[in-house]
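A.B. asks: Provided below: data_30.pdb, containing PDB, C-alpha atoms.
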MODEL        1
ATOM      1  CA  MET A   8     -19.736  15.948  24.075
ATOM      2  CA  GLY A   9     -18.702  19.147  22.250
ATOM      3  CA  ARG A  10     -18.142  19.770  18.545
ATOM      4  CA  LYS A  11     -14.770  18.032  18.822
ATOM      5  CA  GLY A  12     -16.361  14.564  18.857
ATOM      6  CA  ARG A  13     -18.697  15.014  15.888
ATOM      7  CA  GLN A  14     -17.973  13.195  12.664
ATOM      8  CA  VAL A  15     -16.765  15.363   9.816
ATOM      9  CA  GLN A  16     -19.508  15.285   7.216
ATOM     10  CA  TYR A  17     -18.876  15.033   3.508
ATOM     11  CA  GLN A  18     -21.142  15.369   0.513
ATOM     12  CA  LEU A  19     -20.655  13.680  -2.831
ATOM     13  CA  THR A  20     -20.911  15.633  -6.062
ATOM     14  CA  PRO A  21     -24.463  15.582  -7.513
ATOM     15  CA  VAL A  22     -24.812  12.532  -9.794
ATOM     16  CA  ASP A  23     -25.338  14.598 -12.970
ATOM     17  CA  GLU A  24     -22.034  16.428 -12.330
ATOM     18  CA  MET A  25     -19.913  13.356 -11.625
ATOM     19  CA  ILE A  26     -17.281  12.473 -14.204
ATOM     20  CA  GLU A  27     -16.912   8.840 -15.264
ATOM     21  CA  PRO A  28     -13.201   8.048 -15.581
ATOM     22  CA  SER A  29     -11.833   6.179 -18.581
ATOM     23  CA  ALA A  30     -10.609   2.602 -17.969
ATOM     24  CA  GLU A  31      -7.047   3.918 -17.654
ATOM     25  CA  GLU A  32      -8.091   6.689 -15.258
ATOM     26  CA  LEU A  33     -10.074   4.192 -13.181
ATOM     27  CA  VAL A  34      -6.933   2.083 -12.695
ATOM     28  CA  CYS A  35      -4.944   5.207 -11.788
ATOM     29  CA  ILE A  36      -7.515   6.171  -9.136
ATOM     30  CA  LEU A  37      -7.495   2.648  -7.654
ATOM     31  CA  ARG A  38      -3.678   2.630  -7.536
ATOM     32  CA  ALA A  39      -3.672   6.013  -5.795
ATOM     33  CA  ALA A  40      -6.409   4.918  -3.387
ATOM     34  CA  ASP A  41      -4.258   1.957  -2.333
ATOM     35  CA  ALA A  42      -1.658   4.406  -1.013
ATOM     36  CA  ILE A  43      -4.153   6.082   1.330
ATOM     37  CA  ILE A  44      -6.634   3.340   2.275
ATOM     38  CA  PHE A  45      -7.963   4.068   5.757
ATOM     39  CA  ALA A  46      -5.336   6.787   6.173
ATOM     40  CA  ALA A  47      -6.912   9.715   4.314
ATOM     41  CA  GLY A  48     -10.048  10.890   2.570
ATOM     42  CA  ARG A  49     -11.288  12.194  -0.751
ATOM     43  CA  ASP A  50      -9.376  15.470  -0.593
ATOM     44  CA  MET A  51      -6.015  13.785  -0.037
ATOM     45  CA  LEU A  52      -6.723  11.280  -2.819
ATOM     46  CA  ALA A  53      -7.534  14.145  -5.210
ATOM     47  CA  LYS A  54      -4.338  15.979  -4.202
ATOM     48  CA  LEU A  55      -2.239  12.850  -4.743
ATOM     49  CA  LEU A  56      -3.700  12.401  -8.230
ATOM     50  CA  LYS A  57      -3.225  16.100  -9.005
ATOM     51  CA  GLY A  58       0.409  16.042  -7.862
ATOM     52  CA  SER A  59      -0.148  18.644  -5.141
ATOM     53  CA  LYS A  60       2.768  19.979  -3.111
ATOM     54  CA  ASP A  61       0.467  20.175  -0.061
ATOM     55  CA  LYS A  62       2.398  19.667   3.207
ATOM     56  CA  LYS A  63       0.298  16.646   4.221
ATOM     57  CA  VAL A  64       0.802  14.974   0.829
ATOM     58  CA  LEU A  65       4.569  15.411   1.124
ATOM     59  CA  ALA A  66       4.646  14.476   4.834
ATOM     60  CA  HIS A  67       3.002  11.120   4.053
ATOM     61  CA  GLY A  68       5.459  10.492   1.182
ATOM     62  CA  LEU A  69       2.607  10.367  -1.335
ATOM     63  CA  ASP A  70       4.781  12.213  -3.837
ATOM     64  CA  GLN A  71       6.721   8.924  -4.126
ATOM     65  CA  SER A  72       3.669   7.086  -5.494
ATOM     66  CA  ILE A  73       3.948   6.023  -9.133
ATOM     67  CA  VAL A  74       0.572   7.676  -9.793
ATOM     68  CA  TYR A  75       1.446  10.975  -8.088
ATOM     69  CA  GLY A  76       0.390  13.723 -10.498
ATOM     70  CA  CYS A  77      -1.132  11.399 -13.097
ATOM     71  CA  PHE A  78      -4.075  13.853 -13.379
ATOM     72  CA  ARG A  79      -1.804  16.902 -13.377
ATOM     73  CA  GLU A  80      -3.765  18.482 -16.260
ATOM     74  CA  ARG A  81      -7.115  18.255 -14.470
ATOM     75  CA  THR A  82      -8.561  20.527 -11.809
ATOM     76  CA  LEU A  83      -8.980  19.298  -8.224
ATOM     77  CA  ALA A  84     -12.735  19.787  -8.689
ATOM     78  CA  ASP A  85     -12.814  17.461 -11.722
ATOM     79  CA  ILE A  86     -10.630  14.878  -9.972
ATOM     80  CA  THR A  87     -13.020  14.934  -6.997
ATOM     81  CA  LYS A  88     -15.957  14.415  -9.391
ATOM     82  CA  MET A  89     -14.213  11.286 -10.715
ATOM     83  CA  ILE A  90     -13.497  10.042  -7.181
ATOM     84  CA  ASP A  91     -17.146  10.600  -6.289
ATOM     85  CA  TRP A  92     -18.163   8.599  -9.392
ATOM     86  CA  MET A  93     -15.908   5.791  -8.107
ATOM     87  CA  ILE A  94     -17.670   5.932  -4.720
ATOM     88  CA  ARG A  95     -21.160   6.049  -6.257
ATOM     89  CA  SER A  96     -20.238   3.157  -8.597
ATOM     90  CA  ARG A  97     -18.999   1.149  -5.592
ATOM     91  CA  TYR A  98     -15.337   0.893  -6.525
ATOM     92  CA  LEU A  99     -14.446   2.934  -3.446
ATOM     93  CA  ALA A 100     -16.284   3.648  -0.219
ATOM     94  CA  VAL A 101     -15.996   6.042   2.687
ATOM     95  CA  GLU A 102     -15.780   4.731   6.247
ATOM     96  CA  TYR A 103     -15.237   6.679   9.418
ATOM     97  CA  ASP A 104     -12.150   6.309  11.562
ATOM     98  CA  GLY A 105     -13.309   8.128  14.657
ATOM     99  CA  ARG A 106     -14.624  11.400  13.325
ATOM    100  CA  LEU A 107     -12.829  11.443   9.954
ATOM    101  CA  PRO A 108     -14.182   9.991   6.689
ATOM    102  CA  MET A 109     -11.553   7.732   5.094
ATOM    103  CA  ILE A 110     -11.323   6.180   1.643
ATOM    104  CA  VAL A 111     -11.486   2.371   1.535
ATOM    105  CA  PHE A 112     -11.877  -0.146  -1.271
ATOM    106  CA  ALA A 113     -15.390  -1.373  -1.923
ATOM    107  CA  GLU A 114     -15.511  -5.035  -2.985
ATOM    108  CA  LYS A 115     -15.901  -4.150  -6.674
ATOM    109  CA  GLY A 116     -12.841  -1.881  -6.548
ATOM    110  CA  TRP A 117     -10.753  -4.400  -4.625
ATOM    111  CA  GLU A 118     -11.606  -7.175  -7.110
ATOM    112  CA  ARG A 119     -10.652  -4.849  -9.989
ATOM    113  CA  TYR A 120      -7.419  -3.708  -8.306
ATOM    114  CA  LYS A 121      -6.134  -7.072  -7.034
ATOM    115  CA  PRO A 122      -4.918  -8.408 -10.419
ATOM    116  CA  ILE A 123      -3.402  -5.027 -11.280
ATOM    117  CA  TYR A 124      -1.427  -4.978  -8.047
ATOM    118  CA  ALA A 125      -0.418  -8.625  -8.487
ATOM    119  CA  HIS A 126       0.778  -7.860 -12.036
ATOM    120  CA  GLU A 127       2.916  -4.978 -10.745
ATOM    121  CA  LEU A 128       4.473  -7.282  -8.139
ATOM    122  CA  HIS A 129       5.089  -9.882 -10.867
ATOM    123  CA  GLN A 130       6.941  -7.270 -12.953
ATOM    124  CA  ILE A 131       9.065  -6.318  -9.935
ATOM    125  CA  ILE A 132       9.933  -9.988  -9.355
ATOM    126  CA  LEU A 133      11.002 -10.384 -12.987
ATOM    127  CA  LYS A 134      13.398  -7.431 -12.634
ATOM    128  CA  THR A 135      14.817  -8.433  -9.232
ATOM    129  CA  THR A 136      18.268 -10.002  -9.340
ATOM    130  CA  GLY A 137      20.972 -10.653  -6.778
ATOM    131  CA  ASP A 138      20.536 -12.579  -3.551
ATOM    132  CA  GLU A 139      20.209  -9.506  -1.354
ATOM    133  CA  ALA A 140      17.533  -7.890  -3.544
ATOM    134  CA  VAL A 141      15.641 -11.186  -3.794
ATOM    135  CA  GLN A 142      15.708 -11.623  -0.009
ATOM    136  CA  GLU A 143      14.509  -8.053   0.509
ATOM    137  CA  LEU A 144      11.589  -8.602  -1.882
ATOM    138  CA  VAL A 145      10.695 -11.922  -0.238
ATOM    139  CA  GLU A 146      10.474 -10.084   3.105
ATOM    140  CA  LYS A 147       8.200  -7.420   1.581
ATOM    141  CA  LEU A 148       5.894 -10.065   0.107
ATOM    142  CA  LYS A 149       5.274 -11.462   3.610
ATOM    143  CA  ASN A 150       3.402  -8.262   4.465
ATOM    144  CA  LYS A 151       1.235  -8.201   1.351
ATOM    145  CA  ASN A 152      -2.441  -9.077   1.348
ATOM    146  CA  ARG A 153      -2.983 -12.851   1.062
ATOM    147  CA  GLU A 154      -5.518 -12.475  -1.768
ATOM    148  CA  VAL A 155      -2.994 -10.443  -3.768
ATOM    149  CA  ILE A 156      -0.311 -13.079  -3.125
ATOM    150  CA  LEU A 157      -2.577 -15.882  -4.360
ATOM    151  CA  THR A 158      -3.479 -13.845  -7.452
ATOM    152  CA  LEU A 159       0.230 -13.176  -8.031
ATOM    153  CA  LEU A 160       1.048 -16.889  -7.829
ATOM    154  CA  GLU A 161      -1.751 -17.657 -10.293
ATOM    155  CA  GLN A 162      -0.344 -15.084 -12.712
ATOM    156  CA  MET A 163       3.165 -16.494 -12.317
ATOM    157  CA  ALA A 164       1.893 -20.020 -13.009
ATOM    158  CA  GLU A 165      -0.009 -18.820 -16.097
ATOM    159  CA  SER A 166       3.059 -16.975 -17.408
ATOM    160  CA  LYS A 167       4.911 -20.308 -17.676
ATOM    161  CA  ASN A 168       8.163 -18.372 -17.234
ATOM    162  CA  ILE A 169      10.744 -20.869 -15.923
ATOM    163  CA  GLY A 170      12.974 -17.912 -15.003
ATOM    164  CA  VAL A 171      10.898 -17.263 -11.873
ATOM    165  CA  ILE A 172      11.363 -20.735 -10.387
ATOM    166  CA  ARG A 173      14.575 -19.725  -8.588
ATOM    167  CA  PHE A 174      12.738 -16.782  -6.994
ATOM    168  CA  LEU A 175       9.789 -18.999  -6.035
ATOM    169  CA  GLU A 176      12.112 -21.551  -4.409
ATOM    170  CA  LYS A 177      13.731 -18.778  -2.343
ATOM    171  CA  TRP A 178      10.354 -17.294  -1.428
ATOM    172  CA  LYS A 179       8.990 -20.697  -0.370
ATOM    173  CA  GLU A 180      11.683 -21.060   2.309
ATOM    174  CA  THR A 181      10.222 -18.308   4.488
ATOM    175  CA  GLU A 182       6.486 -18.612   3.901
ATOM    176  CA  VAL A 183       3.649 -20.073   5.948
ATOM    177  CA  LYS A 184       2.296 -23.507   5.062
ATOM    178  CA  LYS A 185      -0.682 -22.361   2.929
ATOM    179  CA  VAL A 186       1.415 -19.983   0.828
ATOM    180  CA  ARG A 187       4.210 -22.593   0.519
ATOM    181  CA  ALA A 188       1.663 -25.044  -0.874
ATOM    182  CA  ARG A 189       0.511 -22.482  -3.442
ATOM    183  CA  ILE A 190       4.114 -21.671  -4.391
ATOM    184  CA  ASN A 191       4.737 -25.401  -4.931
ATOM    185  CA  TRP A 192       1.617 -25.508  -7.100
ATOM    186  CA  ALA A 193       2.879 -22.553  -9.195
ATOM    187  CA  ILE A 194       6.312 -24.181  -9.616
ATOM    188  CA  ALA A 195       4.656 -27.433 -10.723
ATOM    189  CA  GLN A 196       2.471 -25.573 -13.252
ATOM    190  CA  ILE A 197       5.475 -23.778 -14.714
ATOM    191  CA  ARG A 198       7.559 -26.985 -14.927
ATOM    192  CA  ARG A 199       4.674 -28.884 -16.521
ATOM    193  CA  ALA A 200       4.352 -26.188 -19.213
ATOM    194  CA  GLY A 201       8.094 -26.283 -19.862
ATOM    195  CA  SER A 202       8.323 -30.042 -20.375
TER     196      SER A 202
ENDMDL
END
Could you take the file, read its structure, and then write that structure out as structure tokens?
C.D. replies:
Amino acid sequence: MGRKGRQVQYQLTPVDEMIEPSAEELVCILRAADAIIFAAGRDMLAKLLKGSKDKKVLAHGLDQSIVYGCFRERTLADITKMIDWMIRSRYLAVEYDGRLPMIVFAEKGWERYKPIYAHELHQIILKTTGDEAVQELVEKLKNKNREVILTLLEQMAESKNIGVIRFLEKWKETEVKKVRARINWAIAQIRRAGS
């Protein structure tokens, strides 16, 4: 096999040069990583966070991400040092897809990101009105990670917001048995709090 088949090697920043992100920056990096999980590597993640106009960033629609350019004021080198800190601290990991190193969530990062993602979905649900928009969102939720969906339903139950019951009833109609059961549980929790 020639050079073509060899894995592309990468090297993390030396530990003493890594930059520990603030809590807010950590969340921003996790949100950006979600957009490229198993689709791109450290360089693309840094460019997304920087707000790069790189052809690949634009071709993948990463400029549409809500965290695109959130580190606009930082250098790519500093952003990479933060990403490397995230990898070393086991929030993110690098796995190979063929010969290319790709960013993936490590368990610690996924556990930290799950409630953030669920909260964002909850906020979208609260703002969604009209039968067509509700149906469109219900369809999108079918493709979301099951752990995120269960976390979302927990958050909705804890919110005790009776305004979401109509959405939950609509959502329940199209879901699989396990998710339907959890939706029923959330509805019951909300109704119990309201009585």
A.B. asks: I'd like the box whose edges run along x, y and z of the file and which contains every listed atom of stretch 33-43 of chain A, padded by 8 Å per side; could you state its centre and edge lengths in Å, one decimal, as AutoDock Vina command-line options?
C.D. replies:
--center_x -5.9 --center_y 4.1 --center_z -5.9 --size_x 24.4 --size_y 20.2 --size_z 30.5
A.B. asks: Nearest to A:Leu33: which of A:Ala193, A:Met51, A:Ile94, A:Leu65 is it, counting only C-alpha atoms?
C.D. replies: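 Nearest to A:Leu33: A:Ile94.
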A.B. asks: Choose the residue, out of A:Ala46, A:Asp61, A:Pro28, A:Val171, that has the smallest atom-to-atom separation from A:Thr136; count all atoms listed in the file.
C.D. replies: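 That would be A:Val171, the residue with the smallest distance to A:Thr136.
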A.B. asks: Taking into account only C-alpha atoms, which residue in the set A:Lys60, A:Lys88, A:Lys54, A:Lys179 is nearest to A:Leu148?
C.D. replies: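 Under the stated criterion, the closest residue is A:Lys179.
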A.B. asks: As an exercise, work out the distance from atom CA of A:Phe174 to atom CA of A:Glu118 in Å and give it to one decimal place.
C.D. replies: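 Separation of atom CA of A:Phe174 and atom CA of A:Glu118: 26.2 Å.
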A.B. asks: Neighbours of A:Ala125 within 9 Å (all atoms listed in the file; same-chain residues fewer than 3 positions away dropped), as a list in words?
C.D. replies: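 That gives Tyr120, Lys121, Pro122, Leu128, His129, Gln130, Val155, Ile156, Leu157, Thr158, Leu159, Leu160 and Gln162 of chain A.
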A.B. asks: Which polymer residues have any atom within 10 Å of an atom of stretch 75-84 of chain A, counting only C-alpha atoms, with same-chain residues fewer than 4 positions away left out, as a list of chain:residue names?
C.D. replies: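 That gives A:Thr20, A:Glu32, A:Cys35, A:Ile36, A:Arg38, A:Ala39, A:Asp50, A:Leu52, A:Ala53, A:Lys54, A:Leu55, A:Leu56, A:Lys57, A:Gly58, A:Ser59, A:Lys60, A:Val64, A:Leu69, A:Asp70, A:Gln71, A:Lys88, A:Met89, A:Ile90.
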A.B. asks: Using all atoms listed in the file, which of A:Leu107, A:Tyr98, A:Lys62, A:Ile26 sits nearest A:Ala47?
C.D. replies: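 Using all atoms listed in the file, the shortest distance to A:Ala47 belongs to A:Leu107.
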A.B. asks: Work out how far atom CA of A:Val111 is from atom CA of A:Leu144, in Å to one decimal.
C.D. replies: 25.8 Å
A.B. asks: In terms of the shortest atom-to-atom distance over all atoms listed in the file, which of A:Glu182, A:Asp41, A:Asp23, A:Glu102 is closest to A:Gly116?
C.D. replies: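 Checking each candidate against A:Gly116, we get A:Asp41 as the closest.
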A.B. asks: I'd like the interatomic distance between atom CA of A:Glu180 and atom CA of A:Ala42, to a tenth of an Å.
C.D. replies: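 One can read the atom CA of A:Glu180 to atom CA of A:Ala42 distance as 28.9 Å.
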A.B. asks: I would like the residues chosen by the PyMOL selection byres ((chain A and resi 194) around 12) on the shown file; could you give them as a PyMOL selection string?
C.D. replies: chain A and resi 160-179+187-193+195-201
A.B. asks: Write out as JSON, numbers by chain the residues lying within 12 Å of A:Gly12, counting only C-alpha atoms and excluding same-chain residues fewer than 4 positions away.
C.D. replies: {"A": [8, 104, 105, 106, 107]}
A.B. asks: Spell out the residues picked by the PyMOL selection byres ((chain A and resi 15) around 7) here, as a CSV table (one decimal) with C-alpha atoms, keeping the file's coordinate frame.
C.D. replies:
chain,number,residue,atom,x,y,z
A,13,ARG,CA,-18.7,15.0,15.9
A,14,GLN,CA,-18.0,13.2,12.7
A,16,GLN,CA,-19.5,15.3,7.2
A,17,TYR,CA,-18.9,15.0,3.5
A,106,ARG,CA,-14.6,11.4,13.3
A,107,LEU,CA,-12.8,11.4,10.0
A,108,PRO,CA,-14.2,10.0,6.7
A.B. asks: Dump stretch 115-145 of chain A with N, CA and C atoms to a file, as a PDB file, in the first residue's frame.
C.D. replies:
ATOM      1  N   LYS A 115     -17.457  12.376  28.668  1.00  0.00           N
ATOM      2  CA  LYS A 115     -17.556  13.561  29.530  1.00  0.00           C
ATOM      3  C   LYS A 115     -18.153  14.750  28.770  1.00  0.00           C
ATOM      4  N   GLY A 116     -17.736  14.934  27.525  1.00  0.00           N
ATOM      5  CA  GLY A 116     -18.255  16.024  26.707  1.00  0.00           C
ATOM      6  C   GLY A 116     -19.702  15.815  26.328  1.00  0.00           C
ATOM      7  N   TRP A 117     -20.046  14.560  25.994  1.00  0.00           N
ATOM      8  CA  TRP A 117     -21.428  14.249  25.618  1.00  0.00           C
ATOM      9  C   TRP A 117     -22.358  14.474  26.806  1.00  0.00           C
ATOM     10  N   GLU A 118     -21.946  14.041  27.995  1.00  0.00           N
ATOM     11  CA  GLU A 118     -22.775  14.224  29.195  1.00  0.00           C
ATOM     12  C   GLU A 118     -22.950  15.713  29.506  1.00  0.00           C
ATOM     13  N   ARG A 119     -21.923  16.503  29.247  1.00  0.00           N
ATOM     14  CA  ARG A 119     -21.997  17.955  29.482  1.00  0.00           C
ATOM     15  C   ARG A 119     -22.878  18.635  28.428  1.00  0.00           C
ATOM     16  N   TYR A 120     -22.815  18.136  27.196  1.00  0.00           N
ATOM     17  CA  TYR A 120     -23.533  18.776  26.083  1.00  0.00           C
ATOM     18  C   TYR A 120     -25.016  18.400  26.019  1.00  0.00           C
ATOM     19  N   LYS A 121     -25.340  17.182  26.400  1.00  0.00           N
ATOM     20  CA  LYS A 121     -26.714  16.673  26.288  1.00  0.00           C
ATOM     21  C   LYS A 121     -27.762  17.621  26.880  1.00  0.00           C
ATOM     22  N   PRO A 122     -27.615  18.078  28.140  1.00  0.00           N
ATOM     23  CA  PRO A 122     -28.633  18.979  28.681  1.00  0.00           C
ATOM     24  C   PRO A 122     -28.665  20.342  27.992  1.00  0.00           C
ATOM     25  N   ILE A 123     -27.531  20.770  27.474  1.00  0.00           N
ATOM     26  CA  ILE A 123     -27.479  22.047  26.750  1.00  0.00           C
ATOM     27  C   ILE A 123     -28.284  21.931  25.463  1.00  0.00           C
ATOM     28  N   TYR A 124     -28.072  20.844  24.750  1.00  0.00           N
ATOM     29  CA  TYR A 124     -28.778  20.609  23.494  1.00  0.00           C
ATOM     30  C   TYR A 124     -30.276  20.437  23.757  1.00  0.00           C
ATOM     31  N   ALA A 125     -30.604  19.685  24.810  1.00  0.00           N
ATOM     32  CA  ALA A 125     -32.011  19.478  25.164  1.00  0.00           C
ATOM     33  C   ALA A 125     -32.673  20.819  25.510  1.00  0.00           C
ATOM     34  N   HIS A 126     -31.954  21.665  26.227  1.00  0.00           N
ATOM     35  CA  HIS A 126     -32.495  22.991  26.593  1.00  0.00           C
ATOM     36  C   HIS A 126     -32.775  23.825  25.338  1.00  0.00           C
ATOM     37  N   GLU A 127     -31.854  23.768  24.376  1.00  0.00           N
ATOM     38  CA  GLU A 127     -32.058  24.514  23.125  1.00  0.00           C
ATOM     39  C   GLU A 127     -33.300  24.006  22.397  1.00  0.00           C
ATOM     40  N   LEU A 128     -33.477  22.692  22.363  1.00  0.00           N
ATOM     41  CA  LEU A 128     -34.672  22.117  21.728  1.00  0.00           C
ATOM     42  C   LEU A 128     -35.936  22.551  22.478  1.00  0.00           C
ATOM     43  N   HIS A 129     -35.847  22.590  23.811  1.00  0.00           N
ATOM     44  CA  HIS A 129     -36.987  23.018  24.628  1.00  0.00           C
ATOM     45  C   HIS A 129     -37.379  24.457  24.269  1.00  0.00           C
ATOM     46  N   GLN A 130     -36.376  25.323  24.119  1.00  0.00           N
ATOM     47  CA  GLN A 130     -36.645  26.724  23.765  1.00  0.00           C
ATOM     48  C   GLN A 130     -37.297  26.824  22.385  1.00  0.00           C
ATOM     49  N   ILE A 131     -36.856  25.995  21.458  1.00  0.00           N
ATOM     50  CA  ILE A 131     -37.448  25.981  20.114  1.00  0.00           C
ATOM     51  C   ILE A 131     -38.910  25.544  20.200  1.00  0.00           C
ATOM     52  N   ILE A 132     -39.184  24.522  20.999  1.00  0.00           N
ATOM     53  CA  ILE A 132     -40.557  24.034  21.167  1.00  0.00           C
ATOM     54  C   ILE A 132     -41.455  25.140  21.713  1.00  0.00           C
ATOM     55  N   LEU A 133     -40.951  25.877  22.709  1.00  0.00           N
ATOM     56  CA  LEU A 133     -41.739  26.944  23.318  1.00  0.00           C
ATOM     57  C   LEU A 133     -42.099  28.044  22.319  1.00  0.00           C
ATOM     58  N   LYS A 134     -41.240  28.237  21.310  1.00  0.00           N
ATOM     59  CA  LYS A 134     -41.477  29.301  20.325  1.00  0.00           C
ATOM     60  C   LYS A 134     -42.230  28.819  19.089  1.00  0.00           C
ATOM     61  N   THR A 135     -42.454  27.506  18.983  1.00  0.00           N
ATOM     62  CA  THR A 135     -43.076  26.943  17.780  1.00  0.00           C
ATOM     63  C   THR A 135     -44.599  26.991  17.898  1.00  0.00           C
ATOM     64  N   THR A 136     -45.214  27.658  16.927  1.00  0.00           N
ATOM     65  CA  THR A 136     -46.676  27.750  16.898  1.00  0.00           C
ATOM     66  C   THR A 136     -47.170  27.395  15.497  1.00  0.00           C
ATOM     67  N   GLY A 137     -48.438  27.118  15.392  1.00  0.00           N
ATOM     68  CA  GLY A 137     -49.010  26.761  14.092  1.00  0.00           C
ATOM     69  C   GLY A 137     -48.843  25.284  13.815  1.00  0.00           C
ATOM     70  N   ASP A 138     -49.887  24.666  13.317  1.00  0.00           N
ATOM     71  CA  ASP A 138     -49.883  23.218  13.093  1.00  0.00           C
ATOM     72  C   ASP A 138     -48.764  22.745  12.182  1.00  0.00           C
ATOM     73  N   GLU A 139     -48.511  23.492  11.126  1.00  0.00           N
ATOM     74  CA  GLU A 139     -47.478  23.080  10.166  1.00  0.00           C
ATOM     75  C   GLU A 139     -46.089  23.112  10.800  1.00  0.00           C
ATOM     76  N   ALA A 140     -45.801  24.182  11.541  1.00  0.00           N
ATOM     77  CA  ALA A 140     -44.497  24.313  12.204  1.00  0.00           C
ATOM     78  C   ALA A 140     -44.326  23.240  13.279  1.00  0.00           C
ATOM     79  N   VAL A 141     -45.404  22.967  14.008  1.00  0.00           N
ATOM     80  CA  VAL A 141     -45.357  21.928  15.046  1.00  0.00           C
ATOM     81  C   VAL A 141     -45.076  20.572  14.402  1.00  0.00           C
ATOM     82  N   GLN A 142     -45.762  20.263  13.321  1.00  0.00           N
ATOM     83  CA  GLN A 142     -45.568  18.982  12.639  1.00  0.00           C
ATOM     84  C   GLN A 142     -44.140  18.849  12.101  1.00  0.00           C
ATOM     85  N   GLU A 143     -43.621  19.930  11.570  1.00  0.00           N
ATOM     86  CA  GLU A 143     -42.246  19.931  11.053  1.00  0.00           C
ATOM     87  C   GLU A 143     -41.249  19.652  12.180  1.00  0.00           C
ATOM     88  N   LEU A 144     -41.456  20.282  13.331  1.00  0.00           N
ATOM     89  CA  LEU A 144     -40.563  20.073  14.472  1.00  0.00           C
ATOM     90  C   LEU A 144     -40.682  18.652  15.010  1.00  0.00           C
ATOM     91  N   VAL A 145     -41.890  18.132  15.075  1.00  0.00           N
ATOM     92  CA  VAL A 145     -42.103  16.747  15.515  1.00  0.00           C
ATOM     93  C   VAL A 145     -41.316  15.792  14.625  1.00  0.00           C
TER      94      VAL A 145
END
